[in-house]
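Asker: This is work-v3.txt (compact mmCIF, C-alpha atoms).
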# COMPACT_ATOMS: atom_id res chain seq x y z
CA MET A 204 -32.12 17.52 -25.85
CA SER A 205 -34.73 15.92 -23.60
CA ARG A 206 -34.17 15.34 -19.92
CA LYS A 207 -34.32 11.56 -20.39
CA THR A 208 -31.68 11.64 -23.15
CA LYS A 209 -29.42 13.83 -21.04
CA SER A 210 -29.81 11.46 -18.08
CA ASN A 211 -28.95 8.44 -20.26
CA ILE A 212 -25.81 10.17 -21.54
CA GLU A 213 -24.71 10.99 -17.99
CA VAL A 214 -25.26 7.37 -16.90
CA ALA A 215 -23.35 6.09 -19.94
CA LEU A 216 -20.41 8.40 -19.17
CA ILE A 217 -20.36 7.19 -15.57
CA TYR A 218 -20.24 3.56 -16.71
CA ILE A 219 -17.49 4.33 -19.21
CA PHE A 220 -15.45 6.02 -16.48
CA LEU A 221 -16.00 3.08 -14.09
CA ALA A 222 -14.99 0.61 -16.80
CA PHE A 223 -11.84 2.63 -17.52
CA MET A 224 -10.90 2.71 -13.84
CA PHE A 225 -11.59 -1.02 -13.52
CA ILE A 226 -9.16 -1.73 -16.36
CA ILE A 227 -6.48 0.46 -14.79
CA ILE A 228 -6.87 -1.32 -11.43
CA ALA A 229 -7.45 -4.86 -12.69
CA TYR A 230 -4.71 -5.06 -15.33
CA PRO A 231 -1.70 -4.87 -12.92
CA LEU A 232 -3.48 -7.23 -10.53
CA LEU A 233 -4.10 -9.81 -13.26
CA TRP A 234 -0.46 -9.53 -14.35
CA THR A 235 0.71 -10.13 -10.79
CA ILE A 236 -1.52 -13.17 -10.39
CA GLY A 237 -0.45 -14.54 -13.78
CA MET A 238 3.22 -13.92 -13.04
CA SER A 239 2.95 -15.76 -9.73
CA LEU A 240 1.60 -18.82 -11.56
CA ASN A 241 4.38 -18.92 -14.18
CA PRO A 242 6.71 -21.86 -13.48
CA GLY A 243 9.88 -19.93 -14.39
CA GLN A 244 11.53 -17.08 -12.49
CA SER A 245 12.23 -14.61 -15.29
CA LEU A 246 10.20 -11.44 -15.58
CA TYR A 247 10.51 -11.22 -19.36
CA SER A 248 9.37 -14.77 -20.11
CA ALA A 249 6.32 -14.52 -17.83
CA LYS A 250 2.86 -14.39 -19.37
CA ILE A 251 -0.36 -12.96 -18.02
CA ILE A 252 -2.03 -16.30 -18.83
CA PRO A 253 0.62 -19.04 -18.29
CA ASP A 254 0.71 -21.98 -20.68
CA ASN A 255 1.48 -24.37 -17.83
CA TRP A 256 0.51 -22.68 -14.61
CA SER A 257 2.00 -23.89 -11.35
CA LEU A 258 1.86 -23.18 -7.60
CA VAL A 259 5.57 -23.91 -7.22
CA HIS A 260 6.41 -20.36 -6.09
CA TYR A 261 3.79 -20.37 -3.35
CA LYS A 262 5.08 -23.75 -2.18
CA TRP A 263 8.66 -22.46 -2.15
CA LEU A 264 7.74 -19.38 -0.13
CA LEU A 265 5.81 -21.34 2.48
CA THR A 266 7.90 -24.51 2.82
CA ASP A 267 11.46 -24.03 1.60
CA PRO A 268 14.05 -23.68 4.43
CA LYS A 269 15.90 -21.02 2.42
CA SER A 270 12.84 -18.78 2.40
CA ASP A 271 12.32 -16.31 5.25
CA TYR A 272 8.85 -15.47 4.01
CA ILE A 273 6.99 -17.07 6.93
CA THR A 274 9.18 -15.12 9.38
CA TRP A 275 8.45 -11.87 7.55
CA TYR A 276 4.76 -12.72 7.55
CA LYS A 277 4.76 -13.31 11.32
CA ASN A 278 6.63 -10.03 11.89
CA SER A 279 4.11 -8.12 9.79
CA LEU A 280 1.17 -9.71 11.59
CA VAL A 281 2.66 -8.90 15.01
CA VAL A 282 3.26 -5.27 14.03
CA ALA A 283 -0.15 -4.96 12.35
CA VAL A 284 -2.14 -6.38 15.27
CA ALA A 285 -0.21 -4.35 17.87
CA ASN A 286 -0.48 -1.19 15.79
CA SER A 287 -4.21 -1.67 15.29
CA PHE A 288 -4.94 -2.36 18.97
CA PHE A 289 -2.83 0.37 20.54
CA SER A 290 -3.80 2.93 17.90
CA VAL A 291 -7.50 2.37 18.61
CA LEU A 292 -7.00 2.56 22.38
CA LEU A 293 -4.77 5.67 22.43
CA THR A 294 -6.69 7.45 19.67
CA ALA A 295 -9.99 6.88 21.45
CA LEU A 296 -8.60 8.23 24.74
CA VAL A 297 -7.13 11.33 23.08
CA ALA A 298 -10.26 11.97 21.02
CA TYR A 299 -12.48 11.52 24.09
CA ALA A 300 -10.48 14.11 26.02
CA PHE A 301 -10.68 16.67 23.19
CA SER A 302 -14.37 15.98 22.58
CA ARG A 303 -15.72 16.00 26.12
CA TYR A 304 -13.42 18.18 28.25
CA LYS A 305 -12.41 21.82 28.34
CA PHE A 306 -8.80 22.40 29.31
CA VAL A 307 -5.99 24.85 28.72
CA GLY A 308 -4.46 24.33 25.28
CA ARG A 309 -7.38 22.32 23.87
CA LYS A 310 -7.91 24.66 20.92
CA TYR A 311 -4.21 24.86 20.07
CA GLY A 312 -3.88 21.10 20.47
CA LEU A 313 -6.49 20.59 17.76
CA TYR A 314 -4.67 23.11 15.57
CA ALA A 315 -1.46 21.18 16.16
CA PHE A 316 -3.14 17.97 14.97
CA LEU A 317 -4.19 19.72 11.77
CA LEU A 318 -0.73 21.22 11.30
CA LEU A 319 1.03 17.88 11.75
CA GLN A 320 -1.11 16.35 9.00
CA MET A 321 0.22 18.88 6.48
CA PHE A 322 3.78 17.59 6.62
CA PRO A 323 4.78 14.26 5.04
CA SER A 324 6.22 11.63 7.36
CA LEU A 325 9.37 11.58 5.23
CA MET A 326 10.44 14.86 6.84
CA ALA A 327 10.67 13.18 10.25
CA MET A 328 12.73 10.14 9.23
CA VAL A 329 16.07 11.54 10.41
CA ALA A 330 14.60 12.58 13.77
CA ILE A 331 12.92 9.19 14.15
CA TYR A 332 16.19 7.39 13.41
CA VAL A 333 18.14 9.49 15.95
CA MET A 334 15.45 9.08 18.62
CA LEU A 335 15.25 5.29 18.23
CA ASN A 336 19.03 5.08 18.28
CA MET A 337 19.14 7.01 21.56
CA LEU A 338 16.51 4.68 23.04
CA SER A 339 18.27 1.53 21.73
CA LEU A 340 15.16 0.62 19.74
CA LEU A 341 16.74 0.49 16.30
CA ASP A 342 16.39 -2.83 14.49
CA SER A 343 13.48 -3.88 16.69
CA LEU A 344 9.79 -4.44 16.07
CA LYS A 345 9.00 -2.58 19.31
CA GLY A 346 10.51 0.61 17.94
CA LEU A 347 8.60 0.19 14.69
CA ILE A 348 5.32 -0.30 16.55
CA ILE A 349 5.91 2.78 18.72
CA ILE A 350 6.51 4.96 15.67
CA TYR A 351 3.46 3.60 13.87
CA VAL A 352 1.19 4.13 16.86
CA GLY A 353 2.46 7.61 17.69
CA GLY A 354 2.54 8.78 14.09
CA GLN A 355 -1.12 7.93 13.48
CA ILE A 356 -2.51 9.79 16.51
CA PRO A 357 -2.97 13.28 14.93
CA PHE A 358 -5.06 12.10 11.96
CA ASN A 359 -6.96 9.38 13.80
CA ALA A 360 -7.70 11.51 16.86
CA TRP A 361 -9.16 14.27 14.69
CA LEU A 362 -11.31 11.72 12.87
CA VAL A 363 -12.57 9.99 16.02
CA LYS A 364 -13.09 13.29 17.81
CA GLY A 365 -15.50 14.33 15.06
CA TYR A 366 -17.45 11.13 15.60
CA PHE A 367 -17.51 11.55 19.39
CA ASP A 368 -18.97 15.02 18.88
CA THR A 369 -22.03 13.43 17.23
CA ILE A 370 -22.79 11.36 20.37
CA PRO A 371 -25.23 13.30 22.61
CA ARG A 372 -23.71 14.56 25.84
CA GLU A 373 -26.96 13.68 27.60
CA LEU A 374 -25.82 10.05 27.56
CA ASP A 375 -22.70 11.01 29.51
CA GLU A 376 -24.76 12.92 32.06
CA ALA A 377 -27.21 10.05 32.48
CA ALA A 378 -24.35 7.61 33.05
CA ARG A 379 -22.78 9.88 35.66
CA ILE A 380 -26.11 10.17 37.47
CA ASP A 381 -26.10 6.36 37.66
CA GLY A 382 -22.67 6.50 39.28
CA ALA A 383 -20.33 6.00 36.32
CA GLY A 384 -16.95 7.72 36.46
CA HIS A 385 -14.90 9.10 33.59
CA LEU A 386 -13.55 5.70 32.56
CA GLY A 387 -16.98 4.15 33.03
CA VAL A 388 -18.51 6.61 30.58
CA PHE A 389 -15.65 6.05 28.18
CA PHE A 390 -15.75 2.24 28.15
CA ARG A 391 -19.49 1.68 28.62
CA ILE A 392 -20.97 4.54 26.60
CA MET A 393 -18.50 6.06 24.15
CA LEU A 394 -16.66 2.99 22.88
CA PRO A 395 -19.74 0.86 22.11
CA LEU A 396 -21.39 3.77 20.26
CA ALA A 397 -18.17 4.57 18.36
CA LYS A 398 -17.65 1.07 16.91
CA PRO A 399 -17.99 2.28 13.28
CA ILE A 400 -15.21 4.86 13.44
CA LEU A 401 -13.02 2.65 15.63
CA GLY A 402 -13.42 -0.10 13.04
CA VAL A 403 -12.14 2.31 10.40
CA VAL A 404 -9.12 3.23 12.53
CA ALA A 405 -8.39 -0.42 13.30
CA LEU A 406 -8.52 -1.40 9.62
CA PHE A 407 -6.32 1.46 8.39
CA ASN A 408 -3.71 0.81 11.06
CA PHE A 409 -3.79 -2.93 10.44
CA MET A 410 -3.09 -2.40 6.74
CA ALA A 411 -0.21 0.06 7.19
CA PRO A 412 2.60 -2.37 8.19
CA PHE A 413 1.83 -4.64 5.22
CA VAL A 414 2.19 -1.91 2.60
CA ASP A 415 4.68 0.49 4.19
CA PHE A 416 8.26 0.13 3.00
CA LEU A 417 10.20 3.28 3.84
CA LEU A 418 9.96 3.33 7.64
CA PRO A 419 10.77 -0.38 8.20
CA GLN A 420 13.62 -0.12 5.69
CA ILE A 421 15.20 2.65 7.77
CA ILE A 422 14.65 1.02 11.17
CA LEU A 423 15.18 -2.70 10.54
CA ARG A 424 18.56 -4.26 9.69
CA ASP A 425 18.29 -7.91 10.71
CA PRO A 426 16.66 -10.02 7.91
CA GLY A 427 14.94 -12.04 10.63
CA LYS A 428 13.04 -8.90 11.70
CA TYR A 429 12.00 -7.67 8.27
CA THR A 430 8.36 -7.00 7.50
CA LEU A 431 6.94 -8.27 4.21
CA ALA A 432 7.48 -5.08 2.22
CA VAL A 433 11.16 -4.86 3.18
CA GLY A 434 11.76 -8.58 2.86
CA LEU A 435 10.28 -8.80 -0.63
CA PHE A 436 12.26 -5.75 -1.73
CA HIS A 437 15.56 -7.35 -0.68
CA PHE A 438 14.32 -10.56 -2.25
CA ILE A 439 14.63 -9.03 -5.74
CA ASN A 440 17.27 -6.42 -4.95
CA GLN A 441 20.05 -8.92 -4.37
CA GLN A 442 22.84 -9.07 -6.93
CA PHE A 443 21.99 -11.40 -9.83
CA ALA A 444 18.59 -12.07 -8.24
CA ASN A 445 15.89 -13.30 -10.60
CA ASN A 446 12.97 -13.84 -8.25
CA PHE A 447 10.25 -11.73 -9.82
CA THR A 448 7.71 -14.54 -10.09
CA ARG A 449 8.33 -15.47 -6.45
CA PHE A 450 8.02 -11.78 -5.60
CA ALA A 451 4.61 -11.75 -7.32
CA ALA A 452 3.49 -14.81 -5.36
CA GLY A 453 4.57 -13.16 -2.11
CA SER A 454 2.70 -9.98 -3.03
CA ILE A 455 -0.51 -11.91 -3.64
CA LEU A 456 -0.28 -13.59 -0.24
CA ILE A 457 -0.02 -10.17 1.43
CA ALA A 458 -3.58 -9.45 0.35
CA ILE A 459 -5.03 -12.34 2.40
CA PRO A 460 -4.96 -10.79 5.94
CA ILE A 461 -5.94 -7.38 4.55
CA ALA A 462 -8.93 -8.88 2.71
CA ILE A 463 -10.01 -10.79 5.84
CA ALA A 464 -9.76 -7.63 7.97
CA TYR A 465 -11.72 -5.68 5.37
CA LEU A 466 -14.49 -8.29 5.22
CA PHE A 467 -14.92 -8.19 9.00
CA SER A 468 -14.92 -4.38 9.21
CA GLN A 469 -16.57 -3.29 5.95
CA ARG A 470 -19.93 -2.65 7.62
CA PHE A 471 -18.24 0.00 9.76
CA LEU A 472 -16.39 1.80 6.98
CA ILE A 473 -19.09 3.93 5.35
CA SER A 474 -20.96 4.89 8.51
CA GLY A 475 -17.71 5.55 10.35
CA LEU A 476 -16.13 7.78 7.71
CA THR A 477 -19.29 9.77 6.94
CA SER A 478 -20.29 10.32 10.58
CA GLY A 479 -16.74 11.18 11.59
CA GLY A 480 -16.67 14.08 9.17
CA THR A 481 -19.94 15.73 10.20
CA LYS A 482 -18.57 17.69 13.13
CA GLY A 483 -15.22 19.13 14.05
Please re-express this file's structure in structure tokens.

Answerer:
Amino acid sequence: MSRKTKSNIEVALIYIFLAFMFIIIAYPLLWTIGMSLNPGQSLYSAKIIPDNWSLVHYKWLLTDPKSDYITWYKNSLVVAVANSFFSVLLTALVAYAFSRYKFVGRKYGLYAFLLLQMFPSLMAMVAIYVMLNMLSLLDSLKGLIIIYVGGQIPFNAWLVKGYFDTIPRELDEAARIDGAGHLGVFFRIMLPLAKPILGVVALFNFMAPFVDFLLPQIILRDPGKYTLAVGLFHFINQQFANNFTRFAAGSILIAIPIAIAYLFSQRFLISGLTSGGTKG
């Protein structure tokens, strides 16, 4: 077999694999979109290509007084924006300390970050519930934000620390010669140069509240404080509920803020992830 023939076979196999993965990903998405456009509410009578498509479910979610969807959307946006902002700020500070300073426990602190990433967050749910109950933060968006921000620090700090290690220390020294202090170096030198990896952290933490179900389900009790994942779950989990087409419409609308955030931060994703993994 010639080298050219072998190369053509490899390329063909790659395209076949990509086409297969596209079908696996696109088929459920097309079904969800089609279901959201079906005028009825039954799951079994819905079609992937509706005979008479309608936007009635989107209109009901956004305008009907009986729908709490707008409230859930606002809650999710508040949690997502707060989680993204505070996660970037705290992660950058922690990563900067581990990257630039030598202190007692630094080595074991990094080991602790690695160790914490090995255990699923599900193991901490009971402890989180008890802690929030003691602090009177159950059934509040503040408690949810605190858990999100704190829980993401080990993984994000390790990632950002690796990126900070790629920034030459000579820049820090030059800034200090010009009179910059620790915070001056951090805000004027490190943060502007670390925009790619910080964009990655901001995007991941912005997406989390929209897709996470388990943690908000444990913490939140008041329907007026539900995030979208919890609200939509209870939307179809009610007795005799038949709201699957409305559920599909609500799921499609969740993708809008995530898609917008991705479009604004996509130029940071590849450079941030690849550079962040070059050093540890």

Asker: I'd like the contact shell of Ala464 of chain A - 9 Å cut-off, all atoms listed in the file, skipping same-chain residues fewer than 3 positions apart - returned as a PyMOL selection string.

Answerer: chain A and resi 406+409-410+459-461+467-469

Asker: When distances are computed from all atoms listed in the file, which of A:Leu401, A:Leu338, A:Leu344, A:Ala452 shows the smallest separation from Thr294 of chain A?

Answerer: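 That would be A:Leu401, the residue with the smallest distance to Thr294 of chain A.
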
Asker: Please, which residues in segment 417-476 of chain A fall within 12 Å of segment 251-269 of chain A when counting all atoms listed in the file, and what is the closest atom pair and distance in Å to one decimal for each, ordered by chain then residue number, as a Markdown table?

Answerer:
| residue | atom | partner | partner_atom | distance |
| --- | --- | --- | --- | --- |
| A:Leu431 | CA | A:Leu264 | CA | 12.0 |
| A:Gly434 | CA | A:Leu264 | CA | 11.9 |
| A:Leu435 | CA | A:Leu264 | CA | 10.9 |
| A:Phe438 | CA | A:Leu264 | CA | 11.2 |
| A:Asn446 | CA | A:His260 | CA | 9.5 |
| A:Phe447 | CA | A:His260 | CA | 10.2 |
| A:Thr448 | CA | A:His260 | CA | 7.2 |
| A:Arg449 | CA | A:His260 | CA | 5.3 |
| A:Phe450 | CA | A:His260 | CA | 8.7 |
| A:Ala451 | CA | A:His260 | CA | 8.9 |
| A:Ala452 | CA | A:Tyr261 | CA | 5.9 |
| A:Gly453 | CA | A:Leu264 | CA | 7.3 |
| A:Ser454 | CA | A:Tyr261 | CA | 10.5 |
| A:Ile455 | CA | A:Tyr261 | CA | 9.5 |
| A:Leu456 | CA | A:Tyr261 | CA | 8.5 |
| A:Ile457 | CA | A:Tyr261 | CA | 11.9 |

Asker: Quick one: distance from atom CA of Tyr218 of chain A to atom CA of Thr235 of chain A in Å, one decimal?

Answerer: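 Atom-to-atom, atom CA of Tyr218 of chain A and atom CA of Thr235 of chain A are spaced 25.7 Å apart.
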
Asker: For Leu319 of chain A, please output as number ranges by chain all residues within 12 Å (counting all atoms listed in the file; exclusion window: fewer than 3 positions along the same chain).

Answerer: A: 312-316, 322-324, 326-327, 353-361

Asker: Skipping near chain neighbours, those fewer than 5 positions away, what residues fall within 9 Å of Arg424 of chain A using all atoms listed in the file, listed as a count of residues only?

Answerer: 5

Asker: Quick one: pull the distance between atom CA of Arg391 of chain A and atom CA of Leu362 of chain A, Å, one decimal.

Answerer: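 So the answer is 20.4 Å.
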
Asker: What does the distance between atom CA of Leu325 of chain A and atom CA of Ala300 of chain A come to in Å, to one decimal place?

Answerer: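 According to the coordinates, atom CA of Leu325 of chain A and atom CA of Ala300 of chain A are separated by 28.9 Å.
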
Asker: For each of A:Arg303, A:Lys209, A:Lys250, A:Lys345, take the minimum atom-to-atom distance to Val281 of chain A, counting all atoms listed in the file, then give the residue where this is smallest.

Answerer: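 Checking each candidate against Val281 of chain A, we get A:Lys345 as the closest.
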
Asker: In terms of the shortest atom-to-atom distance over all atoms listed in the file, which of A:Ala377, A:Ile348, A:Ile212, A:Ile392 is closest to Ser287 of chain A?

Answerer: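 For Ser287 of chain A, the nearest of the given residues is A:Ile348.
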
Asker: Quick one: residues within 12 Å of Tyr304 of chain A, all atoms listed in the file counted, chain neighbours fewer than 6 positions away excluded, as a PyMOL selection string?

Answerer: chain A and resi 296-298+310+364+367-368+372+375+385

Asker: Do you know which residues are at most 10 Å from Pro412 of chain A counting all atoms listed in the file, after dropping those on the same chain fewer than 4 positions away, and could you put them as a PyMOL selection string?

Answerer: chain A and resi 278-284+286-287+347-348+351+407-408+416+418-419+430-432

Asker: Nearest residue to Pro395 of chain A out of A:Ile370, A:Met224, A:Ala383, A:Leu417, using only C-alpha atoms?

Answerer: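 Once distances to Pro395 of chain A are computed over only C-alpha atoms, the minimum belongs to A:Ile370.
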
Asker: Of the candidates A:Ala215, A:Ile273, A:Ala295, A:Ile350, which shows the shortest atom-to-atom distance to Ile422 of chain A, using only C-alpha atoms?

Answerer: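 For Ile422 of chain A, the nearest of the given residues is A:Ile350.
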
Asker: Rank nothing, just name the residue among A:Leu232, A:Val433, A:Leu293, A:Ile331 nearest to Phe413 of chain A, using all atoms listed in the file.

Answerer: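 Closest to Phe413 of chain A, using all atoms listed in the file: A:Val433.
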
Asker: For segment 268-286 of chain A, where the input has fewer atoms than it should, I would like N, CA and C atoms rebuilt and written as a tab-separated table (two decimals), in the coordinates of the input.

Answerer:
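Just written: rebuild-v4.tsv:
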chain	number	residue	atom	x	y	z
A	268	PRO	N	13.24	-24.18	3.31
A	268	PRO	CA	14.05	-23.68	4.43
A	268	PRO	C	14.84	-22.41	4.09
A	269	LYS	N	15.15	-22.21	2.81
A	269	LYS	CA	15.90	-21.02	2.42
A	269	LYS	C	15.04	-19.76	2.40
A	270	SER	N	13.75	-19.92	2.47
A	270	SER	CA	12.84	-18.78	2.40
A	270	SER	C	12.54	-18.26	3.80
A	271	ASP	N	12.67	-16.96	3.98
A	271	ASP	CA	12.32	-16.31	5.25
A	271	ASP	C	10.92	-15.72	5.21
A	272	TYR	N	10.14	-16.11	4.22
A	272	TYR	CA	8.85	-15.47	4.01
A	272	TYR	C	7.91	-15.64	5.20
A	273	ILE	N	7.86	-16.84	5.78
A	273	ILE	CA	6.99	-17.07	6.93
A	273	ILE	C	7.39	-16.18	8.10
A	274	THR	N	8.70	-16.01	8.31
A	274	THR	CA	9.18	-15.12	9.38
A	274	THR	C	8.74	-13.69	9.12
A	275	TRP	N	8.88	-13.22	7.89
A	275	TRP	CA	8.45	-11.87	7.55
A	275	TRP	C	6.94	-11.71	7.74
A	276	TYR	N	6.21	-12.76	7.40
A	276	TYR	CA	4.76	-12.72	7.55
A	276	TYR	C	4.38	-12.60	9.03
A	277	LYS	N	5.03	-13.38	9.89
A	277	LYS	CA	4.76	-13.31	11.32
A	277	LYS	C	5.10	-11.92	11.86
A	278	ASN	N	6.24	-11.37	11.44
A	278	ASN	CA	6.63	-10.03	11.89
A	278	ASN	C	5.58	-9.00	11.50
A	279	SER	N	5.11	-9.08	10.27
A	279	SER	CA	4.11	-8.12	9.79
A	279	SER	C	2.81	-8.26	10.55
A	280	LEU	N	2.40	-9.49	10.83
A	280	LEU	CA	1.17	-9.71	11.59
A	280	LEU	C	1.29	-9.17	13.02
A	281	VAL	N	2.45	-9.41	13.65
A	281	VAL	CA	2.66	-8.90	15.01
A	281	VAL	C	2.58	-7.38	15.03
A	282	VAL	N	3.27	-6.73	14.10
A	282	VAL	CA	3.26	-5.27	14.03
A	282	VAL	C	1.87	-4.76	13.70
A	283	ALA	N	1.17	-5.41	12.77
A	283	ALA	CA	-0.15	-4.96	12.35
A	283	ALA	C	-1.17	-5.06	13.48
A	284	VAL	N	-1.18	-6.19	14.18
A	284	VAL	CA	-2.14	-6.38	15.27
A	284	VAL	C	-1.85	-5.40	16.41
A	285	ALA	N	-0.58	-5.28	16.79
A	285	ALA	CA	-0.21	-4.35	17.87
A	285	ALA	C	-0.53	-2.92	17.48
A	286	ASN	N	-0.21	-2.54	16.25
A	286	ASN	CA	-0.48	-1.19	15.79
A	286	ASN	C	-1.97	-0.91	15.79
